[in-house]
$ cat protein-v1.txt   # compact mmCIF, C-alpha atoms
# COMPACT_ATOMS: atom_id res chain seq x y z
CA MET A 179 -5.43 138.30 -90.85
CA GLU A 180 -6.71 135.52 -88.65
CA LYS A 181 -9.19 137.89 -87.07
CA ILE A 182 -10.67 138.66 -90.48
CA ARG A 183 -11.00 134.96 -91.24
CA ILE A 184 -12.66 134.28 -87.89
CA ALA A 185 -14.96 137.29 -88.32
CA GLY A 186 -16.05 135.85 -91.67
CA LEU A 187 -16.68 132.43 -90.14
CA LEU A 188 -18.65 134.01 -87.29
CA GLU A 189 -20.82 135.82 -89.77
CA LYS A 190 -21.55 132.53 -91.55
CA TYR A 191 -22.09 130.85 -88.18
CA TRP A 192 -24.85 133.26 -87.12
CA GLN A 193 -26.51 132.73 -90.49
CA ALA A 194 -26.39 128.93 -89.87
CA GLU A 195 -24.29 128.50 -92.99
CA THR A 196 -21.07 127.10 -91.55
CA THR A 197 -20.05 123.49 -92.07
CA VAL A 198 -19.27 121.16 -89.16
CA ASP A 199 -15.53 121.59 -89.92
CA GLU A 200 -15.78 125.38 -89.92
CA GLU A 201 -17.51 125.22 -86.56
CA LYS A 202 -14.62 123.13 -85.27
CA VAL A 203 -12.24 125.87 -86.41
CA LEU A 204 -14.28 128.43 -84.46
CA ALA A 205 -14.35 126.22 -81.36
CA ALA A 206 -10.55 125.79 -81.54
CA TYR A 207 -10.04 129.52 -81.99
CA PHE A 208 -12.11 130.35 -78.92
CA ARG A 209 -10.12 127.94 -76.81
CA GLN A 210 -7.11 130.29 -77.14
CA PRO A 211 -6.20 132.25 -74.02
CA VAL A 212 -6.08 135.60 -75.83
CA ILE A 213 -8.87 136.77 -78.14
CA PRO A 214 -10.20 140.22 -79.02
CA PRO A 215 -12.17 141.57 -76.03
CA GLU A 216 -15.28 142.19 -78.14
CA TRP A 217 -15.56 138.42 -78.69
CA GLU A 218 -15.23 137.45 -75.05
CA ALA A 219 -18.93 136.58 -74.86
CA TYR A 220 -18.56 134.23 -77.82
CA ARG A 221 -15.75 132.46 -76.03
CA GLN A 222 -18.17 131.79 -73.20
CA LEU A 223 -20.61 130.33 -75.68
CA PHE A 224 -18.11 127.89 -77.19
CA THR A 225 -16.78 127.04 -73.73
CA TYR A 226 -20.32 126.22 -72.67
CA TYR A 227 -20.85 123.89 -75.66
CA GLU A 228 -17.56 122.16 -74.98
CA ALA A 229 -18.39 121.63 -71.32
CA GLU A 230 -21.82 120.28 -72.21
CA SER A 231 -20.25 117.81 -74.64
CA ARG A 232 -18.31 116.28 -71.75
CA LEU A 233 -21.40 115.35 -69.76
CA GLY A 234 -22.00 111.64 -69.48
CA VAL A 235 -23.59 108.81 -67.58
CA GLY A 236 -22.19 107.26 -64.40
CA GLU A 237 -19.34 104.75 -64.49
CA ASP A 238 -21.51 101.75 -63.66
CA PHE A 239 -23.99 102.43 -66.46
CA ASP A 240 -22.82 99.55 -68.70
CA LYS A 241 -22.97 97.12 -65.79
CA LYS A 242 -26.51 98.18 -64.93
CA VAL A 243 -27.73 97.84 -68.52
CA LEU A 244 -26.02 94.48 -69.05
CA GLN A 245 -27.54 93.23 -65.82
CA ARG A 246 -30.97 94.32 -66.97
CA ILE A 247 -30.62 92.48 -70.29
CA GLY A 248 -29.22 89.43 -68.47
CA MET A 249 -25.78 89.59 -70.09
CA SER A 250 -23.66 90.97 -67.28
CA GLU A 251 -21.72 87.75 -66.74
CA THR A 252 -20.77 87.38 -70.39
CA VAL A 253 -19.18 90.78 -70.92
CA ALA A 254 -15.94 91.84 -69.30
CA GLY A 255 -13.55 94.71 -69.92
CA SER A 256 -14.03 97.35 -72.58
CA GLY A 257 -16.59 95.91 -74.89
CA THR A 258 -14.94 92.50 -75.18
CA VAL A 259 -17.46 89.75 -75.32
CA MET A 260 -16.38 86.82 -73.17
CA ARG A 261 -18.62 83.90 -73.95
CA PRO A 262 -18.49 80.98 -71.54
CA LEU A 263 -17.06 77.70 -72.84
CA ILE A 264 -20.52 76.15 -72.90
CA ARG A 265 -21.54 78.71 -75.56
CA ARG A 266 -18.31 78.46 -77.54
CA ALA A 267 -18.33 74.64 -77.74
CA PRO A 268 -21.82 73.37 -76.92
CA TRP A 269 -21.22 69.87 -78.37
CA TRP A 270 -18.09 69.35 -76.35
CA ALA A 271 -19.91 70.56 -73.25
CA ALA A 272 -22.76 68.12 -73.90
CA ALA A 273 -20.26 65.29 -74.49
CA ALA A 274 -18.51 66.16 -71.24
CA VAL A 275 -21.79 66.03 -69.30
CA ILE A 276 -22.61 62.59 -70.76
CA LEU A 277 -19.09 61.38 -69.96
CA LEU A 278 -19.39 62.61 -66.39
CA SER A 279 -22.77 60.92 -65.93
CA LEU A 280 -21.45 57.64 -67.35
CA GLY A 281 -18.39 57.80 -65.14
CA ALA A 282 -20.48 58.43 -62.05
CA ALA A 283 -22.85 55.57 -62.95
CA LEU A 284 -19.94 53.16 -63.51
CA LEU A 285 -18.38 54.09 -60.20
CA MET A 286 -21.63 53.47 -58.36
CA ASP A 287 -22.29 50.10 -60.01
CA ARG A 288 -18.77 48.78 -59.58
CA PRO A 289 -18.68 45.79 -57.17
CA ASN A 290 -16.53 46.32 -54.13
CA PRO A 291 -13.56 43.91 -54.29
CA HIS A 292 -13.56 43.70 -50.48
CA ASP A 293 -17.12 42.39 -50.33
CA ARG A 294 -17.21 38.69 -49.60
CA PRO A 295 -19.44 36.50 -51.74
CA GLY A 296 -22.80 36.01 -50.16
CA THR A 297 -22.74 39.19 -48.09
CA PRO A 298 -25.13 41.92 -49.14
CA SER A 299 -23.49 44.91 -50.76
CA SER A 300 -23.99 48.34 -49.25
CA THR A 301 -26.76 49.12 -51.76
CA GLU A 302 -28.64 45.98 -50.81
CA ILE A 303 -28.91 46.87 -47.16
CA SER A 304 -32.28 48.26 -46.29
CA ALA A 305 -34.20 48.95 -43.14
CA THR A 306 -35.88 45.53 -43.32
CA THR A 307 -32.54 43.68 -43.11
CA ILE A 308 -31.42 45.51 -39.98
CA LYS A 309 -32.21 43.73 -36.73
CA ASP A 310 -30.85 43.69 -33.19
CA THR A 311 -27.93 41.30 -32.87
CA TYR A 312 -26.26 42.17 -29.55
CA ASP A 313 -27.54 41.99 -26.01
CA ASP A 314 -24.30 43.14 -24.41
CA PRO A 315 -23.63 46.93 -24.93
CA GLN A 316 -19.82 46.42 -24.73
CA GLU A 317 -19.99 43.81 -27.48
CA ALA A 318 -22.18 46.13 -29.60
CA LEU A 319 -19.75 49.02 -29.13
CA ALA A 320 -16.82 46.86 -30.24
CA ALA A 321 -18.77 45.76 -33.34
CA ILE A 322 -19.63 49.38 -34.20
CA ARG A 323 -16.00 50.40 -33.86
CA LYS A 324 -14.97 47.59 -36.18
CA ALA A 325 -17.63 48.56 -38.73
CA LEU A 326 -16.64 52.22 -38.63
CA PHE A 327 -12.97 51.32 -39.08
CA LYS A 328 -13.88 49.23 -42.13
CA ALA A 329 -16.05 52.04 -43.55
CA SER A 330 -13.33 54.65 -43.07
CA SER A 331 -10.81 52.51 -44.95
CA LYS A 332 -13.29 52.30 -47.85
CA ILE A 333 -13.81 56.05 -47.80
CA ASN A 334 -10.07 56.48 -48.32
CA GLN A 335 -10.19 54.02 -51.22
CA GLY A 336 -13.12 55.98 -52.67
CA LYS A 337 -11.11 59.21 -52.49
CA THR A 338 -8.20 57.61 -54.34
CA ILE A 339 -10.44 56.22 -57.09
CA THR A 340 -12.31 59.55 -57.48
CA LYS A 341 -9.04 61.46 -57.68
CA LYS A 342 -7.72 59.09 -60.36
CA GLU A 343 -10.95 59.26 -62.39
CA MET A 344 -11.10 63.05 -62.13
CA GLY A 345 -7.53 63.27 -63.42
CA ARG A 346 -8.49 61.22 -66.47
CA MET A 347 -11.60 63.35 -67.01
CA LYS A 348 -9.55 66.52 -66.77
CA ASP A 349 -7.12 65.24 -69.43
CA SER A 350 -10.02 64.34 -71.76
CA TRP A 351 -11.63 67.75 -71.15
CA GLN A 352 -8.38 69.57 -71.92
CA MET A 353 -8.01 67.61 -75.15
CA ALA A 354 -11.59 68.47 -76.07
CA VAL A 355 -11.04 72.18 -75.40
CA ASN A 356 -7.77 72.28 -77.34
CA TYR A 357 -9.28 70.41 -80.26
CA MET B 205 -23.47 88.49 -82.60
CA SER B 206 -26.26 90.71 -81.25
CA LEU B 207 -24.37 91.17 -78.01
CA SER B 208 -21.26 92.28 -79.92
CA ILE B 209 -23.26 94.87 -81.85
CA PHE B 210 -24.90 95.99 -78.64
CA THR B 211 -21.61 96.44 -76.77
CA GLN B 212 -19.70 97.92 -79.70
CA ARG B 213 -22.27 100.18 -81.32
CA ILE B 214 -25.18 100.82 -78.99
CA LEU B 215 -23.67 101.03 -75.50
CA PRO B 216 -21.02 103.57 -76.62
CA LEU B 217 -23.85 105.96 -77.54
CA LYS B 218 -24.77 106.22 -73.86
CA ASP B 219 -23.20 109.66 -73.23
CA GLN B 220 -24.62 111.16 -76.38
CA LEU B 221 -28.07 109.82 -75.58
CA PHE B 222 -27.72 110.96 -71.99
CA ARG B 223 -26.93 114.53 -73.08
CA LEU B 224 -29.96 114.60 -75.33
CA ALA B 225 -32.15 113.29 -72.51
CA PHE B 226 -30.60 115.73 -70.06
CA ARG B 227 -31.25 118.62 -72.45
CA LEU B 228 -34.94 117.78 -72.37
CA LEU B 229 -35.43 116.55 -68.82
CA ARG B 230 -32.89 118.71 -66.91
CA ASP B 231 -32.45 115.93 -64.38
CA VAL B 232 -29.36 113.71 -64.28
CA GLN B 233 -30.98 110.70 -62.63
CA GLU B 234 -34.09 110.83 -64.74
CA ALA B 235 -32.02 111.19 -67.92
CA GLU B 236 -29.89 108.19 -66.98
CA ASP B 237 -32.95 106.10 -66.13
CA ILE B 238 -34.47 106.94 -69.50
CA ILE B 239 -31.29 105.91 -71.31
CA GLN B 240 -31.21 102.61 -69.45
CA ASP B 241 -34.83 101.95 -70.44
CA VAL B 242 -34.10 102.89 -74.06
CA MET B 243 -31.09 100.55 -74.20
CA VAL B 244 -33.05 97.64 -72.72
CA LYS B 245 -35.91 98.28 -75.13
CA ILE B 246 -33.52 98.35 -78.09
CA TRP B 247 -31.99 95.05 -76.93
CA THR B 248 -35.44 93.43 -76.87
CA LYS B 249 -35.89 94.54 -80.49
CA ARG B 250 -32.60 93.01 -81.67
CA ASP B 251 -34.41 90.87 -84.24
CA GLU B 252 -35.43 94.10 -86.01
CA TRP B 253 -32.01 95.79 -86.06
CA GLY B 254 -31.34 94.67 -89.61
CA GLN B 255 -34.40 96.55 -90.83
CA TRP B 256 -33.34 99.88 -89.32
CA GLN B 257 -31.53 102.34 -91.58
CA SER B 258 -29.25 103.59 -88.82
CA LEU B 259 -28.95 102.10 -85.36
CA GLU B 260 -27.53 105.37 -84.04
CA ALA B 261 -30.35 107.51 -85.43
CA TYR B 262 -32.90 105.02 -84.10
CA CYS B 263 -31.37 105.24 -80.61
CA MET B 264 -31.46 109.04 -80.68
CA THR B 265 -35.06 109.09 -81.89
CA ALA B 266 -36.09 106.52 -79.28
CA THR B 267 -34.44 108.64 -76.58
CA ARG B 268 -36.13 111.79 -77.75
CA ASN B 269 -39.54 110.09 -77.83
CA SER B 270 -39.08 108.55 -74.39
CA CYS B 271 -38.13 111.94 -72.97
CA LEU B 272 -41.11 113.63 -74.57
CA ASP B 273 -43.38 110.93 -73.12
CA ARG B 274 -41.86 111.47 -69.70
CA MET B 275 -42.23 115.24 -70.00
CA ARG B 276 -45.87 114.91 -70.91
CA ARG B 277 -46.42 112.95 -67.71
CA ARG B 278 -44.93 115.61 -65.51
CA ARG B 279 -44.64 119.35 -65.37
CA LEU B 280 -41.06 120.14 -66.37
CA VAL B 281 -39.21 122.20 -63.81
CA PRO B 282 -36.17 123.98 -65.25
CA VAL B 283 -33.06 123.33 -63.24
CA GLY B 284 -31.52 126.70 -64.14
CA GLU B 285 -28.87 127.84 -61.68
CA GLU B 286 -28.55 124.46 -59.97
CA ARG B 287 -26.77 123.16 -63.07
CA ALA B 288 -24.25 125.95 -63.00
CA ARG B 289 -20.68 124.71 -62.97
CA ASP B 290 -17.60 126.83 -63.01
CA ILE B 291 -16.09 126.40 -66.45
CA THR B 292 -14.62 129.90 -66.63
CA SER B 293 -11.50 129.21 -64.62
CA ASN B 294 -9.21 130.59 -67.38
CA GLU B 295 -9.97 134.18 -66.52
CA GLN B 296 -7.46 135.94 -64.32
CA ASP B 297 -9.35 139.12 -63.57
CA PRO B 298 -12.14 138.73 -60.95
CA TYR B 299 -14.28 141.18 -62.93
CA GLU B 300 -13.86 139.12 -66.10
CA LYS B 301 -14.52 135.96 -64.16
CA MET B 302 -17.71 137.38 -62.74
CA MET B 303 -18.74 138.62 -66.18
CA GLY B 304 -17.95 135.19 -67.65
CA LYS B 305 -20.15 133.51 -65.07
CA GLU B 306 -22.99 135.88 -65.77
CA ILE B 307 -22.76 135.28 -69.50
CA LEU B 308 -22.59 131.54 -68.96
CA SER B 309 -25.61 131.66 -66.75
CA GLN B 310 -27.38 133.72 -69.42
CA ILE B 311 -26.47 131.15 -72.11
CA ARG B 312 -27.89 128.32 -70.00
CA LYS B 313 -31.06 130.23 -69.27
CA CYS B 314 -31.51 131.13 -72.91
CA MET B 315 -30.90 127.54 -74.09
CA ASP B 316 -33.41 126.22 -71.57
CA GLU B 317 -36.01 128.71 -72.68
CA LEU B 318 -35.72 128.05 -76.42
CA PRO B 319 -38.63 126.24 -78.11
CA GLU B 320 -38.20 122.47 -77.95
CA ASN B 321 -37.25 121.99 -81.61
CA GLN B 322 -34.65 124.76 -81.46
CA GLN B 323 -33.18 123.24 -78.29
CA LEU B 324 -32.93 119.81 -79.90
CA VAL B 325 -31.40 121.10 -83.12
CA MET B 326 -28.91 123.21 -81.15
CA GLN B 327 -28.06 120.24 -78.94
CA LEU B 328 -27.39 117.92 -81.87
CA ARG B 329 -25.44 120.49 -83.86
CA GLU B 330 -23.49 122.51 -81.29
CA ILE B 331 -22.80 119.80 -78.75
CA GLU B 332 -22.87 116.56 -80.75
CA GLY B 333 -21.60 117.97 -84.06
CA PHE B 334 -24.25 116.24 -86.19
CA SER B 335 -24.66 117.15 -89.86
CA TYR B 336 -27.94 118.71 -91.04
CA ASN B 337 -28.85 115.37 -92.62
CA GLU B 338 -28.37 113.46 -89.40
CA ILE B 339 -30.36 116.01 -87.41
CA ALA B 340 -33.18 115.87 -89.94
CA GLU B 341 -33.27 112.07 -89.66
CA VAL B 342 -33.22 111.95 -85.87
CA LEU B 343 -35.78 114.71 -85.38
CA ASP B 344 -37.89 113.73 -88.36
CA MET B 345 -37.85 117.17 -89.95
CA SER B 346 -36.71 118.60 -93.27
CA MET B 347 -33.23 120.03 -93.83
CA GLU B 348 -34.82 123.45 -94.25
CA GLN B 349 -36.54 123.15 -90.87
CA VAL B 350 -33.25 122.11 -89.30
CA LYS B 351 -31.53 125.18 -90.70
CA ILE B 352 -34.33 127.54 -89.66
CA ASN B 353 -34.36 126.17 -86.10
CA LEU B 354 -30.60 126.44 -85.88
CA PHE B 355 -30.61 130.00 -87.23
CA ARG B 356 -33.28 131.08 -84.75
CA GLY B 357 -31.65 129.30 -81.82
CA ARG B 358 -28.20 130.75 -82.49
CA ASN B 359 -29.49 134.24 -82.93
CA ALA B 360 -31.60 134.09 -79.77
CA ILE B 361 -28.47 133.17 -77.84
CA LYS B 362 -26.39 135.81 -79.59
CA ARG B 363 -28.91 138.51 -78.67
CA SER B 364 -29.01 137.23 -75.13
CA ILE B 365 -25.25 137.23 -74.53
CA THR B 366 -24.49 140.49 -76.28
CA LYS B 367 -27.26 142.14 -74.27
CA GLU B 368 -25.81 140.72 -71.08
CA GLU B 369 -22.31 141.86 -72.01
CA SER B 370 -23.37 145.42 -72.85
CA SER B 371 -25.28 145.68 -69.56
CA TRP B 372 -22.02 144.80 -67.75
CA LYS B 373 -20.03 147.36 -69.69
CA LYS B 374 -22.39 150.25 -68.79
$ encode --input "protein-v1.txt" --output "structure tokens"
Amino acid sequence: MEKIRIAGLLEKYWQAETTVDEEKVLAAYFRQPVIPPEWEAYRQLFTYYEAESRLGVGEDFDKKVLQRIGMSETVAGSGTVMRPLIRRAPWWAAAAVILLSLGAALLMDRPNPHDRPGTPSSTEISATTIKDTYDDPQEALAAIRKALFKASSKINQGKTITKKEMGRMKDSWQMAVNY
Amino acid sequence: MSLSIFTQRILPLKDQLFRLAFRLLRDVQEAEDIIQDVMVKIWTKRDEWGQWQSLEAYCMTATRNSCLDRMRRRRLVPVGEERARDITSNEQDPYEKMMGKEILSQIRKCMDELPENQQLVMQLREIEGFSYNEIAEVLDMSMEQVKINLFRGRNAIKRSITKEESSWKK
């Protein structure tokens, strides 16, 4: 019974009158392990089409194409578009940049509480104000050591202030992102 | 938005486009290069996507045209036996296996020797499962021409494999 049905479909197939669905029925039939021997050649034909339909490009094809269109860094996983924060929230990103710049400017302009009145601040020192002050090398060495010790203590203060400011910035940024 | 469409609708066509290119060019690397070029070109035309009737059909047509351009620039060398892969592993009998391989090789040879339009129609129908309408759109031919090319292509292959089989049975 099935053989008659398949024979009818084959006849239509050679006349190019089968529908896509009928051709799927034929393909499924010829995937069976046992078919009439006179149709063995047709099995080869449908096997060939099936094998051809499995051909495809290499695994890194998407990566190569996305690189060529300049979008490789924005796409990850299977077709999921991962846009960076700067593209998702451009205004918040711009605000954060302004905030960072202002913070940096404020930090630079802030007077050092350890500077004594009348002494030039570190930004005021220039090559013209530097002159030889010591004749004795031992005395000069001691003065350099003292200056370096003072500078290192200020570096540590700078680290503490930067850490504190960065913590505040991080909190503001998190609030902005969650908003 | 454009990137979403590109990754969700255009990139997934890569294998289908590759098979079409491979059908025409018979060279894996060349076919893949062509598909990359086609995809990049389509991306650069993203402002026009809205005007296209079907993105998929446009991609297929662009691939076909790129391949034909490439073929015009070089003399096409059929790959023939080099493409042969063993897909007849179901047979138990060595005689049947050998016969299967011969028929398969005959199918490949026959497909490669078909006129270009018949090859393309066969490729889109037998391997990609396109409807006559879709084939007509991609190949820019009438439904009647699609049917005629398919009829001729199928019958050329039928003659070829039945001839091969009867020569084995003698």
$ closest_residue --input "protein-v1.txt" --among "A:Arg183, A:Lys342, A:Val235, A:Glu189" --to "chain B" --atoms "only C-alpha atoms"
A:Val235
$ atom_distance --input "protein-v1.txt" --atom1 "CA of Ala205 in chain A" --atom2 "CA of Ala266 in chain B"
29.4 Å
$ closest_atom_pairs --input "protein-v1.txt" --of "chain B" --to "chain A" --cutoff "8 Å" --atoms "all atoms listed in the file" --output "JSON lines"
{"residue": "B:Leu207", "atom": "CA", "partner": "A:Val259", "partner_atom": "CA", "distance": 7.5}
{"residue": "B:Ser208", "atom": "CA", "partner": "A:Val259", "partner_atom": "CA", "distance": 6.5}
{"residue": "B:Thr211", "atom": "CA", "partner": "A:Gly257", "partner_atom": "CA", "distance": 5.4}
{"residue": "B:Gln212", "atom": "CA", "partner": "A:Gly257", "partner_atom": "CA", "distance": 6.1}
{"residue": "B:Leu215", "atom": "CA", "partner": "A:Asp240", "partner_atom": "CA", "distance": 7.0}
{"residue": "B:Lys218", "atom": "CA", "partner": "A:Val235", "partner_atom": "CA", "distance": 6.9}
{"residue": "B:Asp219", "atom": "CA", "partner": "A:Gly234", "partner_atom": "CA", "distance": 4.4}
{"residue": "B:Gln220", "atom": "CA", "partner": "A:Gly234", "partner_atom": "CA", "distance": 7.4}
{"residue": "B:Phe222", "atom": "CA", "partner": "A:Gly234", "partner_atom": "CA", "distance": 6.3}
{"residue": "B:Arg223", "atom": "CA", "partner": "A:Leu233", "partner_atom": "CA", "distance": 6.5}
{"residue": "B:Glu236", "atom": "CA", "partner": "A:Val235", "partner_atom": "CA", "distance": 6.4}
{"residue": "B:Gln240", "atom": "CA", "partner": "A:Val243", "partner_atom": "CA", "distance": 6.0}
{"residue": "B:Met243", "atom": "CA", "partner": "A:Val243", "partner_atom": "CA", "distance": 7.1}
{"residue": "B:Val244", "atom": "CA", "partner": "A:Ile247", "partner_atom": "CA", "distance": 6.2}
{"residue": "B:Trp247", "atom": "CA", "partner": "A:Ile247", "partner_atom": "CA", "distance": 7.3}
{"residue": "B:Ile291", "atom": "CA", "partner": "A:Ala229", "partner_atom": "CA", "distance": 7.2}
{"residue": "B:Thr292", "atom": "CA", "partner": "A:Gln222", "partner_atom": "CA", "distance": 7.7}
{"residue": "B:Asn294", "atom": "CA", "partner": "A:Pro211", "partner_atom": "CA", "distance": 7.5}
{"residue": "B:Gly304", "atom": "CA", "partner": "A:Gln222", "partner_atom": "CA", "distance": 6.5}
{"residue": "B:Ile307", "atom": "CA", "partner": "A:Ala219", "partner_atom": "CA", "distance": 6.7}
{"residue": "B:Leu308", "atom": "CA", "partner": "A:Gln222", "partner_atom": "CA", "distance": 6.1}
{"residue": "B:Ile311", "atom": "CA", "partner": "A:Leu223", "partner_atom": "CA", "distance": 6.9}
{"residue": "B:Glu330", "atom": "CA", "partner": "A:Tyr227", "partner_atom": "CA", "distance": 6.4}
{"residue": "B:Ile331", "atom": "CA", "partner": "A:Ser231", "partner_atom": "CA", "distance": 5.2}
{"residue": "B:Glu332", "atom": "CA", "partner": "A:Ser231", "partner_atom": "CA", "distance": 6.8}
{"residue": "B:Gly333", "atom": "CA", "partner": "A:Val198", "partner_atom": "CA", "distance": 6.5}
{"residue": "B:Phe334", "atom": "CA", "partner": "A:Val198", "partner_atom": "CA", "distance": 7.6}
{"residue": "B:Ser335", "atom": "CA", "partner": "A:Val198", "partner_atom": "CA", "distance": 6.8}
{"residue": "B:Lys351", "atom": "CA", "partner": "A:Ala194", "partner_atom": "CA", "distance": 6.4}
{"residue": "B:Leu354", "atom": "CA", "partner": "A:Ala194", "partner_atom": "CA", "distance": 6.3}
{"residue": "B:Phe355", "atom": "CA", "partner": "A:Ala194", "partner_atom": "CA", "distance": 5.1}
{"residue": "B:Arg358", "atom": "CA", "partner": "A:Trp192", "partner_atom": "CA", "distance": 6.2}
{"residue": "B:Asn359", "atom": "CA", "partner": "A:Trp192", "partner_atom": "CA", "distance": 6.3}
{"residue": "B:Ile365", "atom": "CA", "partner": "A:Ala219", "partner_atom": "CA", "distance": 6.4}
{"residue": "B:Thr366", "atom": "CA", "partner": "A:Ala219", "partner_atom": "CA", "distance": 6.9}
{"residue": "B:Glu369", "atom": "CA", "partner": "A:Ala219", "partner_atom": "CA", "distance": 6.9}
$ closest_residue --input "protein-v1.txt" --among "B:Leu228, B:Cys263, B:Ile339, B:Met345" --to "Met315 in chain B" --atoms "all atoms listed in the file"
B:Leu228
$ atom_distance --input "protein-v1.txt" --atom1 "CA of Leu278 in chain A" --atom2 "CA of Leu326 in chain A"
29.8 Å
$ residues_near_point --input "protein-v1.txt" --point "(-37.8, 111.6, -78.3)" --cutoff "10 Å" --atoms "only C-alpha atoms" --output "list of chain:residue names"
B:Leu224, B:Ala225, B:Leu228, B:Cys263, B:Met264, B:Thr265, B:Ala266, B:Thr267, B:Arg268, B:Asn269, B:Ser270, B:Cys271, B:Leu272, B:Asp273, B:Arg274, B:Leu324, B:Val342, B:Leu343
$ write_last_selection --input "protein-v1.txt" --atoms "C-alpha atoms" --output "CSV table (one decimal), in the frame of the given file"
chain,number,residue,atom,x,y,z
B,224,LEU,CA,-30.0,114.6,-75.3
B,225,ALA,CA,-32.2,113.3,-72.5
B,228,LEU,CA,-34.9,117.8,-72.4
B,263,CYS,CA,-31.4,105.2,-80.6
B,264,MET,CA,-31.5,109.0,-80.7
B,265,THR,CA,-35.1,109.1,-81.9
B,266,ALA,CA,-36.1,106.5,-79.3
B,267,THR,CA,-34.4,108.6,-76.6
B,268,ARG,CA,-36.1,111.8,-77.8
B,269,ASN,CA,-39.5,110.1,-77.8
B,270,SER,CA,-39.1,108.6,-74.4
B,271,CYS,CA,-38.1,111.9,-73.0
B,272,LEU,CA,-41.1,113.6,-74.6
B,273,ASP,CA,-43.4,110.9,-73.1
B,274,ARG,CA,-41.9,111.5,-69.7
B,324,LEU,CA,-32.9,119.8,-79.9
B,342,VAL,CA,-33.2,112.0,-85.9
B,343,LEU,CA,-35.8,114.7,-85.4
$ atom_distance --input "protein-v1.txt" --atom1 "CA of Trp253 in chain B" --atom2 "CA of Gln233 in chain B"
27.8 Å
$ axis_aligned_box --input "protein-v1.txt" --around "range 207-224 of chain B" --padding-each-side "8 Å" --output "AutoDock Vina command-line options"
--center_x -24.8 --center_y 102.9 --center_z -76.9 --size_x 26.3 --size_y 39.4 --size_z 25.9
$ decode --input "protein-v1.txt" --residues "range 311-326 of chain B" --atoms "N, CA and C atoms" --output "tab-separated table (two decimals), in the first residue's frame"
chain	number	residue	atom	x	y	z
B	311	ILE	N	25.65	11.14	-9.49
B	311	ILE	CA	24.71	12.24	-9.18
B	311	ILE	C	25.47	13.57	-9.13
B	312	ARG	N	26.60	13.55	-8.42
B	312	ARG	CA	27.41	14.77	-8.30
B	312	ARG	C	27.85	15.27	-9.66
B	313	LYS	N	28.34	14.35	-10.45
B	313	LYS	CA	28.85	14.70	-11.78
B	313	LYS	C	27.73	15.30	-12.62
B	314	CYS	N	26.58	14.65	-12.55
B	314	CYS	CA	25.44	15.11	-13.34
B	314	CYS	C	24.98	16.49	-12.88
B	315	MET	N	24.89	16.69	-11.55
B	315	MET	CA	24.49	18.00	-11.02
B	315	MET	C	25.46	19.08	-11.49
B	316	ASP	N	26.75	18.78	-11.42
B	316	ASP	CA	27.76	19.77	-11.79
B	316	ASP	C	27.72	20.11	-13.28
B	317	GLU	N	27.22	19.16	-14.05
B	317	GLU	CA	27.21	19.39	-15.50
B	317	GLU	C	25.90	19.98	-16.02
B	318	LEU	N	24.93	20.12	-15.15
B	318	LEU	CA	23.65	20.70	-15.59
B	318	LEU	C	23.85	22.16	-15.99
B	319	PRO	N	23.01	22.67	-16.89
B	319	PRO	CA	23.07	24.12	-17.19
B	319	PRO	C	22.87	24.93	-15.90
B	320	GLU	N	23.46	26.11	-15.88
B	320	GLU	CA	23.47	26.92	-14.65
B	320	GLU	C	22.08	27.12	-14.03
B	321	ASN	N	21.11	27.47	-14.85
B	321	ASN	CA	19.76	27.71	-14.31
B	321	ASN	C	19.16	26.45	-13.69
B	322	GLN	N	19.39	25.32	-14.34
B	322	GLN	CA	18.86	24.06	-13.79
B	322	GLN	C	19.54	23.74	-12.46
B	323	GLN	N	20.85	23.97	-12.42
B	323	GLN	CA	21.59	23.74	-11.15
B	323	GLN	C	21.02	24.59	-10.03
B	324	LEU	N	20.80	25.88	-10.34
B	324	LEU	CA	20.33	26.80	-9.29
B	324	LEU	C	18.93	26.45	-8.83
B	325	VAL	N	18.06	26.12	-9.79
B	325	VAL	CA	16.69	25.74	-9.42
B	325	VAL	C	16.71	24.46	-8.59
B	326	MET	N	17.52	23.49	-9.02
B	326	MET	CA	17.62	22.23	-8.27
B	326	MET	C	18.15	22.49	-6.86
